[in-house]
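Novice: Data file coords-v7.pdb (PDB, C-alpha atoms) is appended below.
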MODEL        1
ATOM      1  CA  MET A 267      19.985  24.999  29.221
ATOM      2  CA  SER A 268      21.008  24.943  25.597
ATOM      3  CA  GLY A 269      19.490  22.563  23.053
ATOM      4  CA  ARG A 270      22.970  21.122  22.460
ATOM      5  CA  ALA A 271      23.331  20.247  26.151
ATOM      6  CA  GLU A 272      19.911  18.595  26.135
ATOM      7  CA  PHE A 273      20.840  16.523  23.095
ATOM      8  CA  GLY A 274      24.103  15.499  24.709
ATOM      9  CA  ARG A 275      22.282  14.005  27.696
ATOM     10  CA  TRP A 276      19.611  12.243  25.671
ATOM     11  CA  PRO A 277      20.139   8.450  25.682
ATOM     12  CA  LYS A 278      20.972   7.014  22.254
ATOM     13  CA  ASN A 279      19.613   3.520  22.899
ATOM     14  CA  ILE A 280      15.913   4.391  22.928
ATOM     15  CA  PRO A 281      13.727   4.709  19.808
ATOM     16  CA  LEU A 282      12.626   8.296  20.431
ATOM     17  CA  GLN A 283      15.334  10.859  19.767
ATOM     18  CA  LEU A 284      15.417  14.624  20.149
ATOM     19  CA  PHE A 285      15.783  16.662  16.986
ATOM     20  CA  SER A 286      15.963  20.355  16.260
ATOM     21  CA  PRO A 287      12.577  21.439  14.894
ATOM     22  CA  GLU A 288      12.705  23.552  11.776
ATOM     23  CA  GLU A 289      10.091  25.853  10.322
ATOM     24  CA  TRP A 290       8.321  24.386   7.306
ATOM     25  CA  SER A 291       9.277  27.331   5.103
ATOM     26  CA  ARG A 292      12.912  27.147   6.233
ATOM     27  CA  GLN A 293      13.512  23.604   5.028
ATOM     28  CA  ARG A 294      16.046  23.028   2.301
ATOM     29  CA  PRO A 295      14.088  23.096  -0.990
ATOM     30  CA  THR A 296      14.059  19.742  -2.780
ATOM     31  CA  HIS A 297      12.694  20.758  -6.178
ATOM     32  CA  GLY A 298      16.187  20.637  -7.645
ATOM     33  CA  ASP A 299      16.625  17.007  -6.531
ATOM     34  CA  ALA A 300      13.143  15.865  -7.577
ATOM     35  CA  ASP A 301      14.106  15.614 -11.246
ATOM     36  CA  PRO A 302      10.933  15.022 -13.316
ATOM     37  CA  GLY A 303      12.956  13.040 -15.857
ATOM     38  CA  LEU A 304      14.317  10.721 -13.194
ATOM     39  CA  ILE A 305      10.875  10.168 -11.662
ATOM     40  CA  ALA A 306       9.449   9.449 -15.133
ATOM     41  CA  ALA A 307      12.271   6.992 -15.863
ATOM     42  CA  ALA A 308      11.720   5.174 -12.557
ATOM     43  CA  LEU A 309       7.992   5.014 -13.314
ATOM     44  CA  ARG A 310       8.583   3.579 -16.811
ATOM     45  CA  TRP A 311      10.848   0.927 -15.358
ATOM     46  CA  SER A 312       8.310   0.010 -12.677
ATOM     47  CA  GLN A 313       5.565  -0.452 -15.266
ATOM     48  CA  GLN A 314       7.635  -3.099 -17.029
ATOM     49  CA  ARG A 315       7.853  -5.287 -13.924
ATOM     50  CA  PRO A 316       6.057  -8.659 -14.019
ATOM     51  CA  SER A 317       2.824  -8.874 -12.074
ATOM     52  CA  GLY A 318       1.661 -12.432 -12.713
ATOM     53  CA  ASN A 319      -1.754 -10.763 -13.278
ATOM     54  CA  TRP A 320      -2.385 -10.600  -9.505
ATOM     55  CA  TYR A 321      -4.367  -7.790  -7.890
ATOM     56  CA  THR A 322      -4.879  -7.228  -4.184
ATOM     57  CA  PHE A 323      -8.385  -6.110  -3.280
ATOM     58  CA  ALA A 324      -8.895  -6.261   0.501
ATOM     59  CA  ALA A 325      -7.386  -6.931   3.888
ATOM     60  CA  SER A 326      -7.425 -10.649   4.661
ATOM     61  CA  ARG A 327      -9.247 -10.063   7.923
ATOM     62  CA  SER A 328     -12.058  -8.140   6.173
ATOM     63  CA  ILE A 329     -13.304 -11.307   4.454
ATOM     64  CA  GLY A 330     -15.212 -13.575   6.791
ATOM     65  CA  ARG A 331     -17.361 -16.692   6.658
ATOM     66  CA  ASP A 332     -20.599 -14.928   7.498
ATOM     67  CA  ARG A 333     -21.140 -12.851   4.367
ATOM     68  CA  PRO A 334     -19.565 -12.353   0.924
ATOM     69  CA  LEU A 335     -17.505  -9.285   0.054
ATOM     70  CA  SER A 336     -18.129  -7.343  -3.145
ATOM     71  CA  THR A 337     -15.414  -5.544  -5.095
ATOM     72  CA  THR A 338     -14.569  -4.422  -8.616
ATOM     73  CA  ILE A 339     -11.216  -4.630 -10.391
ATOM     74  CA  GLY A 340     -10.685  -3.267 -13.878
ATOM     75  CA  GLY A 341     -14.438  -3.034 -14.370
ATOM     76  CA  ILE A 342     -14.930  -6.708 -13.419
ATOM     77  CA  GLU A 343     -17.440  -7.295 -10.625
ATOM     78  CA  LEU A 344     -16.148  -9.834  -8.092
ATOM     79  CA  VAL A 345     -17.402 -11.650  -5.025
ATOM     80  CA  ALA A 346     -15.160 -13.112  -2.313
ATOM     81  CA  TRP A 347     -15.922 -15.330   0.679
ATOM     82  CA  ARG A 348     -14.435 -17.998   2.936
ATOM     83  CA  ASP A 349     -15.557 -21.554   3.518
ATOM     84  CA  GLU A 350     -15.643 -23.360   6.873
ATOM     85  CA  ARG A 351     -11.915 -24.177   6.584
ATOM     86  CA  ASN A 352     -11.232 -20.439   6.156
ATOM     87  CA  VAL A 353     -10.153 -20.933   2.532
ATOM     88  CA  LEU A 354     -10.595 -17.857   0.342
ATOM     89  CA  HIS A 355     -12.748 -18.087  -2.807
ATOM     90  CA  VAL A 356     -13.172 -15.386  -5.471
ATOM     91  CA  GLY A 357     -15.312 -15.386  -8.587
ATOM     92  CA  PRO A 358     -17.608 -13.306 -10.835
ATOM     93  CA  GLY A 359     -19.974 -11.149  -8.842
ATOM     94  CA  ALA A 360     -23.080 -11.845 -10.948
ATOM     95  CA  CYS A 361     -25.237 -14.937 -10.558
ATOM     96  CA  PRO A 362     -25.094 -16.968 -13.805
ATOM     97  CA  HIS A 363     -28.893 -17.323 -13.775
ATOM     98  CA  LEU A 364     -30.196 -13.766 -14.104
ATOM     99  CA  GLY A 365     -27.281 -11.640 -12.924
ATOM    100  CA  ALA A 366     -28.273 -11.142  -9.291
ATOM    101  CA  PRO A 367     -25.494  -9.771  -7.051
ATOM    102  CA  LEU A 368     -23.770 -12.701  -5.381
ATOM    103  CA  ALA A 369     -22.481 -10.313  -2.728
ATOM    104  CA  GLU A 370     -26.021 -10.576  -1.304
ATOM    105  CA  ALA A 371     -26.015 -14.375  -1.420
ATOM    106  CA  GLN A 372     -25.931 -16.624   1.623
ATOM    107  CA  VAL A 373     -22.660 -18.401   2.334
ATOM    108  CA  ASP A 374     -23.057 -22.168   2.658
ATOM    109  CA  ASP A 375     -19.529 -23.484   3.258
ATOM    110  CA  SER A 376     -17.802 -23.405  -0.155
ATOM    111  CA  ALA A 377     -20.956 -22.369  -2.015
ATOM    112  CA  LEU A 378     -23.102 -19.278  -2.378
ATOM    113  CA  ILE A 379     -26.899 -19.540  -2.459
ATOM    114  CA  CYS A 380     -28.432 -16.759  -4.549
ATOM    115  CA  ARG A 381     -31.245 -14.914  -2.788
ATOM    116  CA  TRP A 382     -33.189 -14.284  -6.003
ATOM    117  CA  HIS A 383     -34.020 -17.878  -6.964
ATOM    118  CA  GLY A 384     -31.915 -20.103  -4.703
ATOM    119  CA  LEU A 385     -29.318 -21.117  -7.279
ATOM    120  CA  ARG A 386     -26.375 -22.792  -5.578
ATOM    121  CA  VAL A 387     -23.066 -21.491  -6.946
ATOM    122  CA  GLU A 388     -20.225 -23.821  -6.008
ATOM    123  CA  ALA A 389     -16.664 -22.541  -5.533
ATOM    124  CA  THR A 390     -15.456 -25.334  -7.808
ATOM    125  CA  GLY A 391     -17.289 -23.667 -10.677
ATOM    126  CA  SER A 392     -19.569 -24.838 -13.447
ATOM    127  CA  ALA A 393     -20.111 -24.377 -17.157
ATOM    128  CA  ARG A 394     -21.677 -20.966 -16.485
ATOM    129  CA  TRP A 395     -19.659 -19.674 -13.527
ATOM    130  CA  CYS A 396     -15.888 -20.059 -13.239
ATOM    131  CA  PRO A 397     -13.908 -18.978 -10.149
ATOM    132  CA  TYR A 398     -10.680 -16.996 -10.370
ATOM    133  CA  PRO A 399      -7.376 -18.035  -8.821
ATOM    134  CA  SER A 400      -7.092 -16.408  -5.388
ATOM    135  CA  TYR A 401      -4.445 -16.113  -2.707
ATOM    136  CA  ASP A 402      -4.442 -15.120   0.954
ATOM    137  CA  ASP A 403      -1.030 -14.096   2.329
ATOM    138  CA  GLY A 404      -2.304 -13.498   5.867
ATOM    139  CA  VAL A 405      -2.320  -9.718   5.429
ATOM    140  CA  LEU A 406      -3.949  -9.143   2.025
ATOM    141  CA  ALA A 407      -6.345 -11.017  -0.248
ATOM    142  CA  TRP A 408      -5.440 -11.345  -3.939
ATOM    143  CA  VAL A 409      -7.126 -12.447  -7.155
ATOM    144  CA  ARG A 410      -5.579 -13.295 -10.515
ATOM    145  CA  LEU A 411      -7.295 -11.771 -13.534
ATOM    146  CA  ASP A 412      -5.513 -12.899 -16.686
ATOM    147  CA  ALA A 413      -8.002 -11.140 -18.975
ATOM    148  CA  ILE A 414      -6.935  -7.679 -17.827
ATOM    149  CA  GLY A 415      -3.422  -8.454 -16.606
ATOM    150  CA  GLU A 416      -2.260  -9.641 -20.025
ATOM    151  CA  GLN A 417       1.043 -10.952 -18.637
ATOM    152  CA  PRO A 418       2.327 -14.496 -18.153
ATOM    153  CA  PRO A 419       0.423 -15.761 -15.091
ATOM    154  CA  THR A 420       2.181 -16.908 -11.930
ATOM    155  CA  ASP A 421       0.950 -19.328  -9.305
ATOM    156  CA  THR A 422       1.188 -16.744  -6.507
ATOM    157  CA  PRO A 423       1.496 -12.948  -6.259
ATOM    158  CA  ILE A 424       4.921 -11.315  -6.425
ATOM    159  CA  ILE A 425       5.329 -10.019  -2.874
ATOM    160  CA  GLY A 426       8.267  -7.991  -1.600
ATOM    161  CA  PRO A 427      10.235  -8.755   1.580
ATOM    162  CA  ARG A 428       8.224  -8.842   4.805
ATOM    163  CA  PRO A 429       8.946  -9.554   8.473
ATOM    164  CA  ALA A 430       8.809 -13.255   9.320
ATOM    165  CA  ASP A 431       5.946 -12.507  11.732
ATOM    166  CA  THR A 432       3.231 -10.342  10.155
ATOM    167  CA  THR A 433       0.844 -10.388  13.131
ATOM    168  CA  VAL A 434       1.217  -6.672  13.896
ATOM    169  CA  HIS A 435      -0.241  -5.089  10.800
ATOM    170  CA  ALA A 436      -2.979  -2.738   9.641
ATOM    171  CA  VAL A 437      -4.538  -2.221   6.214
ATOM    172  CA  THR A 438      -5.961   1.037   4.879
ATOM    173  CA  ARG A 439      -8.014   1.497   1.711
ATOM    174  CA  LEU A 440      -8.863   4.747  -0.093
ATOM    175  CA  THR A 441     -10.211   5.416  -3.584
ATOM    176  CA  GLY A 442      -9.135   8.207  -5.888
ATOM    177  CA  VAL A 443      -9.819   9.600  -9.356
ATOM    178  CA  CYS A 444      -6.580   8.493 -10.993
ATOM    179  CA  GLU A 445      -4.789   5.509 -12.488
ATOM    180  CA  PRO A 446      -2.438   3.088 -10.685
ATOM    181  CA  ARG A 447       0.641   4.689 -12.234
ATOM    182  CA  ASP A 448      -0.272   8.015 -10.592
ATOM    183  CA  ILE A 449      -0.136   6.312  -7.203
ATOM    184  CA  ILE A 450       3.202   4.706  -8.027
ATOM    185  CA  ALA A 451       4.613   7.998  -9.361
ATOM    186  CA  ASN A 452       3.717   9.629  -6.047
ATOM    187  CA  ARG A 453       5.794   7.067  -4.163
ATOM    188  CA  LEU A 454       8.668   7.396  -6.651
ATOM    189  CA  ASP A 455       9.007  11.013  -5.515
ATOM    190  CA  PRO A 456      10.265  10.670  -1.928
ATOM    191  CA  TRP A 457      11.474  14.292  -1.968
ATOM    192  CA  HIS A 458       7.980  15.600  -1.242
ATOM    193  CA  GLY A 459       7.717  13.834   2.129
ATOM    194  CA  SER A 460       8.666  16.549   4.606
ATOM    195  CA  TRP A 461       7.018  19.278   2.499
ATOM    196  CA  LEU A 462       3.615  17.647   1.995
ATOM    197  CA  HIS A 463       3.595  15.702   5.287
ATOM    198  CA  PRO A 464       5.410  17.862   7.866
ATOM    199  CA  TYR A 465       3.217  16.421  10.620
ATOM    200  CA  SER A 466       4.796  12.979  10.031
ATOM    201  CA  PHE A 467       8.259  13.445   8.493
ATOM    202  CA  THR A 468      11.213  15.697   9.195
ATOM    203  CA  HIS A 469      14.919  15.770   8.345
ATOM    204  CA  LEU A 470      14.262  13.752   5.194
ATOM    205  CA  GLU A 471      17.220  13.282   2.876
ATOM    206  CA  VAL A 472      17.346  11.067  -0.205
ATOM    207  CA  THR A 473      20.809   9.495  -0.158
ATOM    208  CA  GLN A 474      20.458   7.245  -3.202
ATOM    209  CA  ALA A 475      18.227   7.352  -6.268
ATOM    210  CA  PRO A 476      18.050   5.346  -9.491
ATOM    211  CA  PRO A 477      19.973   6.629 -12.521
ATOM    212  CA  ARG A 478      18.053   8.519 -15.151
ATOM    213  CA  HIS A 479      19.039   5.904 -17.741
ATOM    214  CA  ASP A 480      19.668   2.153 -17.690
ATOM    215  CA  ILE A 481      17.642   1.347 -14.574
ATOM    216  CA  ILE A 482      17.947  -2.319 -13.599
ATOM    217  CA  GLU A 483      16.981  -4.479 -10.631
ATOM    218  CA  GLU A 484      20.237  -3.731  -8.815
ATOM    219  CA  ASN A 485      19.990   0.073  -8.970
ATOM    220  CA  HIS A 486      16.262   0.848  -9.003
ATOM    221  CA  ARG A 487      15.797   1.543  -5.296
ATOM    222  CA  PHE A 488      15.538   4.870  -3.495
ATOM    223  CA  LEU A 489      17.367   5.095  -0.171
ATOM    224  CA  LEU A 490      16.677   7.832   2.352
ATOM    225  CA  THR A 491      17.113   8.887   5.944
ATOM    226  CA  VAL A 492      14.107  10.339   7.709
ATOM    227  CA  THR A 493      12.765  11.009  11.182
ATOM    228  CA  PHE A 494       9.199   9.917  11.852
ATOM    229  CA  ARG A 495       7.814  12.747  13.939
ATOM    230  CA  VAL A 496       6.060  11.868  17.212
ATOM    231  CA  THR A 497       6.018  15.298  18.865
ATOM    232  CA  ARG A 498       7.429  18.690  17.919
ATOM    233  CA  ARG A 499      10.909  17.719  19.138
ATOM    234  CA  LEU A 500      10.805  13.926  19.425
ATOM    235  CA  GLY A 501      10.978  11.463  16.571
ATOM    236  CA  VAL A 502      12.250   8.080  15.409
ATOM    237  CA  PRO A 503      15.170   8.358  12.954
ATOM    238  CA  VAL A 504      15.498   5.514  10.438
ATOM    239  CA  GLU A 505      16.967   4.624   7.075
ATOM    240  CA  ALA A 506      14.449   3.310   4.551
ATOM    241  CA  GLU A 507      14.386   2.012   1.005
ATOM    242  CA  PHE A 508      11.686   2.179  -1.674
ATOM    243  CA  THR A 509      11.441  -0.672  -4.202
ATOM    244  CA  CYS A 510       8.940  -1.913  -6.807
ATOM    245  CA  PRO A 511       8.247  -5.668  -6.709
ATOM    246  CA  ASP A 512       5.524  -5.324  -9.382
ATOM    247  CA  PRO A 513       3.994  -2.554 -11.562
ATOM    248  CA  ARG A 514       1.303  -1.629  -9.046
ATOM    249  CA  THR A 515       3.240  -1.864  -5.772
ATOM    250  CA  ILE A 516       5.774   0.243  -3.898
ATOM    251  CA  VAL A 517       7.372  -1.198  -0.768
ATOM    252  CA  MET A 518       8.996   1.039   1.816
ATOM    253  CA  ARG A 519      11.203  -1.051   4.106
ATOM    254  CA  ILE A 520      13.152   0.166   7.114
ATOM    255  CA  VAL A 521      16.713  -1.058   6.614
ATOM    256  CA  SER A 522      18.298   0.415   9.747
ATOM    257  CA  GLY A 523      17.114   2.069  12.930
ATOM    258  CA  GLU A 524      14.137   1.278  15.114
ATOM    259  CA  GLY A 525      11.752  -1.201  13.492
ATOM    260  CA  THR A 526      14.277  -2.610  11.016
ATOM    261  CA  GLY A 527      12.440  -4.977   8.680
ATOM    262  CA  SER A 528       9.086  -3.199   9.032
ATOM    263  CA  VAL A 529       7.416  -2.490   5.713
ATOM    264  CA  ILE A 530       4.725  -0.309   4.223
ATOM    265  CA  GLU A 531       3.276  -1.896   1.088
ATOM    266  CA  THR A 532       1.383   0.527  -1.132
ATOM    267  CA  HIS A 533      -0.742  -1.306  -3.700
ATOM    268  CA  ALA A 534      -2.605   0.482  -6.490
ATOM    269  CA  THR A 535      -5.562  -1.537  -7.778
ATOM    270  CA  PRO A 536      -7.555  -0.278 -10.805
ATOM    271  CA  ILE A 537     -11.265  -0.260 -10.142
ATOM    272  CA  GLY A 538     -12.448   0.946 -13.554
ATOM    273  CA  PRO A 539     -14.200   4.077 -14.803
ATOM    274  CA  GLY A 540     -16.579   5.944 -12.508
ATOM    275  CA  PRO A 541     -19.944   7.417 -13.548
ATOM    276  CA  ASP A 542     -18.071  10.357 -15.064
ATOM    277  CA  GLY A 543     -15.966   8.063 -17.226
ATOM    278  CA  ARG A 544     -12.780   8.920 -15.347
ATOM    279  CA  ALA A 545     -10.524   6.243 -13.884
ATOM    280  CA  ARG A 546     -10.842   5.118 -10.289
ATOM    281  CA  THR A 547      -8.013   3.456  -8.362
ATOM    282  CA  ALA A 548      -7.985   1.930  -4.898
ATOM    283  CA  VAL A 549      -4.931   2.456  -2.725
ATOM    284  CA  ILE A 550      -4.605  -0.545  -0.429
ATOM    285  CA  GLU A 551      -1.781   0.052   2.004
ATOM    286  CA  ALA A 552      -0.491  -2.544   4.444
ATOM    287  CA  VAL A 553       1.703  -1.468   7.357
ATOM    288  CA  ILE A 554       3.540  -4.472   8.810
ATOM    289  CA  ALA A 555       5.497  -3.655  11.951
ATOM    290  CA  ASN A 556       8.565  -5.387  13.295
ATOM    291  CA  SER A 557      11.009  -4.783  16.161
ATOM    292  CA  GLU A 558      13.816  -6.666  17.868
ATOM    293  CA  ARG A 559      12.998  -5.038  21.198
ATOM    294  CA  GLN A 560      11.639  -7.327  23.894
ATOM    295  CA  GLY A 561       8.698  -5.051  24.572
ATOM    296  CA  PHE A 562       7.419  -5.466  21.010
ATOM    297  CA  ARG A 563       5.817  -8.786  21.911
ATOM    298  CA  HIS A 564       3.293  -6.813  23.950
ATOM    299  CA  ALA A 565       2.129  -5.083  20.750
ATOM    300  CA  ARG A 566       0.200  -8.235  19.853
ATOM    301  CA  ARG A 567      -1.830  -7.905  23.026
ATOM    302  CA  VAL A 568      -2.961  -4.378  22.235
ATOM    303  CA  LEU A 569      -3.668  -4.884  18.513
ATOM    304  CA  PRO A 570      -7.359  -3.909  18.892
ATOM    305  CA  VAL A 571      -6.145  -0.478  20.050
ATOM    306  CA  LEU A 572      -3.021  -0.301  17.894
ATOM    307  CA  ARG A 573      -4.667  -1.097  14.546
ATOM    308  CA  PRO A 574      -7.004   1.926  14.511
ATOM    309  CA  LEU A 575      -4.044   4.195  15.336
ATOM    310  CA  MET A 576      -1.970   2.715  12.508
ATOM    311  CA  THR A 577      -4.901   3.025  10.119
ATOM    312  CA  HIS A 578      -5.556   6.635  11.138
ATOM    313  CA  ALA A 579      -1.944   7.628  10.474
ATOM    314  CA  ALA A 580      -1.910   5.951   7.037
ATOM    315  CA  THR A 581      -5.264   7.463   6.079
ATOM    316  CA  ARG A 582      -4.091  10.964   6.990
ATOM    317  CA  LEU A 583      -1.005  10.605   4.793
ATOM    318  CA  TRP A 584      -2.962   9.207   1.882
ATOM    319  CA  ARG A 585      -5.572  11.931   1.945
ATOM    320  CA  ASP A 586      -2.751  14.322   1.071
ATOM    321  CA  ASP A 587      -1.031  11.963  -1.342
ATOM    322  CA  MET A 588      -4.280  11.122  -3.107
ATOM    323  CA  ALA A 589      -4.743  14.787  -3.937
ATOM    324  CA  TYR A 590      -1.209  14.702  -5.388
ATOM    325  CA  ALA A 591      -2.022  11.605  -7.513
ATOM    326  CA  GLU A 592      -5.390  12.970  -8.644
ATOM    327  CA  ARG A 593      -3.764  16.241  -9.678
ATOM    328  CA  ARG A 594      -1.210  14.334 -11.743
ATOM    329  CA  TYR A 595      -3.993  12.368 -13.473
ATOM    330  CA  GLN A 596      -6.000  15.531 -14.091
ATOM    331  CA  LEU A 597      -3.079  17.318 -15.736
ATOM    332  CA  ARG A 598      -2.165  14.318 -17.875
ATOM    333  CA  THR A 599      -5.677  13.604 -19.139
ATOM    334  CA  HIS A 600      -6.410  17.306 -19.713
ATOM    335  CA  ARG A 601      -3.388  17.542 -21.995
ATOM    336  CA  ARG A 602      -4.613  14.510 -23.924
TER     337      ARG A 602
ENDMDL
END
As structure tokens, what does this structure read like?
Specialist:
Amino acid sequence: MSGRAEFGRWPKNIPLQLFSPEEWSRQRPTHGDADPGLIAAALRWSQQRPSGNWYTFAASRSIGRDRPLSTTIGGIELVAWRDERNVLHVGPGACPHLGAPLAEAQVDDSALICRWHGLRVEATGSARWCPYPSYDDGVLAWVRLDAIGEQPPTDTPIIGPRPADTTVHAVTRLTGVCEPRDIIANRLDPWHGSWLHPYSFTHLEVTQAPPRHDIIEENHRFLLTVTFRVTRRLGVPVEAEFTCPDPRTIVMRIVSGEGTGSVIETHATPIGPGPDGRARTAVIEAVIANSERQGFRHARRVLPVLRPLMTHAATRLWRDDMAYAERRYQLRTHRR
């Protein structure tokens, strides 16, 4: 039976569709479309976006009431915890007494009790310890750091469009030797998808890209068609857009096809210099799934199984993309 006959019988109303597999080396080259000047222009425009000085630092569900979480943003040591009402609190990570790590403190409702000398550090702050504005959107935890953001502050983070119900989501975090703009530049080059990630993407075509000059809100998005590969000959074809809601975020949103409204938010959070003096950046990626199909409601029941699978897929992609971003940083800093 010919492949064409098989395709003709394949039902069109199910998510998985047959496609003709192509050899990696036989794909249409995309280097002519991936114009370095266009990518650089899109990156420059993205870096001028307002941020409100907000930085995401962890998955919401990774911060509990039993112990504090430690993190660093822009060289600033932070501690985060929740009180008995599940309210998020974030502040300096060092005890104001002698600098003990508050990440090792005991949580006592809205306060931390330092294990070195028992100092009680209240979330409301004091003359020696002042909390930072924080925000929990149900998927990610955020903190506002005006000292390093250096932009007009906003009351809440600038978040792109999401499904109304964000229950089915997974968050992945990786750290690389690069700067946030290297992560964003990677996402502003959608042409590399089926070349660098053939195990996940096939039949990728960029149908709309920003202009090389005069980029504005209305024309800054990338639009593409792509098939998410499930097996060698089965995949899920969709149309997706890439947009930049702030300087450190790229949102990929499915605009037509299975899972319309689903998003992948890629956030690049600067950690600060590592021991070698080179920049470190955390990629915090949230996959938020959505579907109009009746069966999707069952996804909530199997989240304990589904989340690790979603995380594994995102981690695999970002291991490749991180090498891409680190290479870009290496070349740029070497030239300097």
Novice: For the structure provided, state which residues fall under the PyMOL selection byres ((chain A and resi 400) around 9), and present them as number ranges by chain.
Specialist: A: 320, 354-357, 397-399, 401-402, 407-410, 422
Novice: Taking C-alpha atoms for each residue, export the selection above as a compact mmCIF listing (two decimals), in the frame of the given file.
Specialist:
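Contents of the output file result27.txt:
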# COMPACT_ATOMS: atom_id res chain seq x y z
CA TRP A 320 -2.38 -10.60 -9.51
CA LEU A 354 -10.60 -17.86 0.34
CA HIS A 355 -12.75 -18.09 -2.81
CA VAL A 356 -13.17 -15.39 -5.47
CA GLY A 357 -15.31 -15.39 -8.59
CA PRO A 397 -13.91 -18.98 -10.15
CA TYR A 398 -10.68 -17.00 -10.37
CA PRO A 399 -7.38 -18.04 -8.82
CA TYR A 401 -4.44 -16.11 -2.71
CA ASP A 402 -4.44 -15.12 0.95
CA ALA A 407 -6.34 -11.02 -0.25
CA TRP A 408 -5.44 -11.34 -3.94
CA VAL A 409 -7.13 -12.45 -7.16
CA ARG A 410 -5.58 -13.30 -10.52
CA THR A 422 1.19 -16.74 -6.51
Novice: Would you work out the distance separating CA of Leu385 in chain A from CA of Arg331 in chain A, expressed in Å to one decimal?
Specialist: 18.9 Å
Novice: Expand the PyMOL selection byres ((chain A and resi 533) around 6) into the explicit residue set it covers here, and present it as a ChimeraX atom specification.
Specialist: /A:514-515,532,534,549-551
Novice: Spell out the residues picked by the PyMOL selection byres ((chain A and resi 592-600) around 7) here, as an NGL selection string.
Specialist: :A and (442-445 or 448 or 588-591 or 601-602)
Novice: Identify, on the basis of all atoms listed in the file, every residue whose closest approach to range 290-305 of chain A does not exceed 8 Å; exclude the query and any residue fewer than 2 positions from it along the same chain; express the result as number ranges by chain.
Specialist: A: 288, 307-309, 451, 454-455, 457-458, 461, 464, 476-478
Novice: Using all atoms listed in the file, which residues sit within 8 Å of Leu470 in chain A once same-chain residues fewer than 4 positions away are excluded, as a PDB file with C-alpha atoms, keeping the file's coordinate frame?
Specialist:
ATOM      1  CA  TRP A 457      11.474  14.292  -1.968  1.00  0.00           C
ATOM      2  CA  GLY A 459       7.717  13.834   2.129  1.00  0.00           C
ATOM      3  CA  SER A 460       8.666  16.549   4.606  1.00  0.00           C
ATOM      4  CA  LEU A 490      16.677   7.832   2.352  1.00  0.00           C
ATOM      5  CA  THR A 491      17.113   8.887   5.944  1.00  0.00           C
ATOM      6  CA  VAL A 492      14.107  10.339   7.709  1.00  0.00           C
ATOM      7  CA  THR A 493      12.765  11.009  11.182  1.00  0.00           C
TER       8      THR A 493
END
Novice: Determine the nearest neighbour of Ile554 in chain A from the options A:His383, A:Arg428, A:Arg439, A:Arg573, counting only C-alpha atoms.
Specialist: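 Closest candidate: A:Arg428.
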Novice: Let me make sure I understand: among A:Glu416, A:Asp375, A:Asp349, A:Glu507, which one has the smallest atom-to-atom distance to His486 in chain A if we use all atoms listed in the file?
Specialist: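 Among the listed residues, the smallest separation from His486 in chain A belongs to A:Glu507.
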Novice: Could you check which of A:Gly340, A:Gly501, A:Pro570, A:Gly384 is closest to Ala413 in chain A, using only C-alpha atoms?
Specialist: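 Counting only C-alpha atoms, the residue closest to Ala413 in chain A is A:Gly340.
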Novice: Could you work out how far CA of Pro423 in chain A lies from CA of Val437 in chain A, giving the answer in Å with one decimal?
Specialist: 17.5 Å
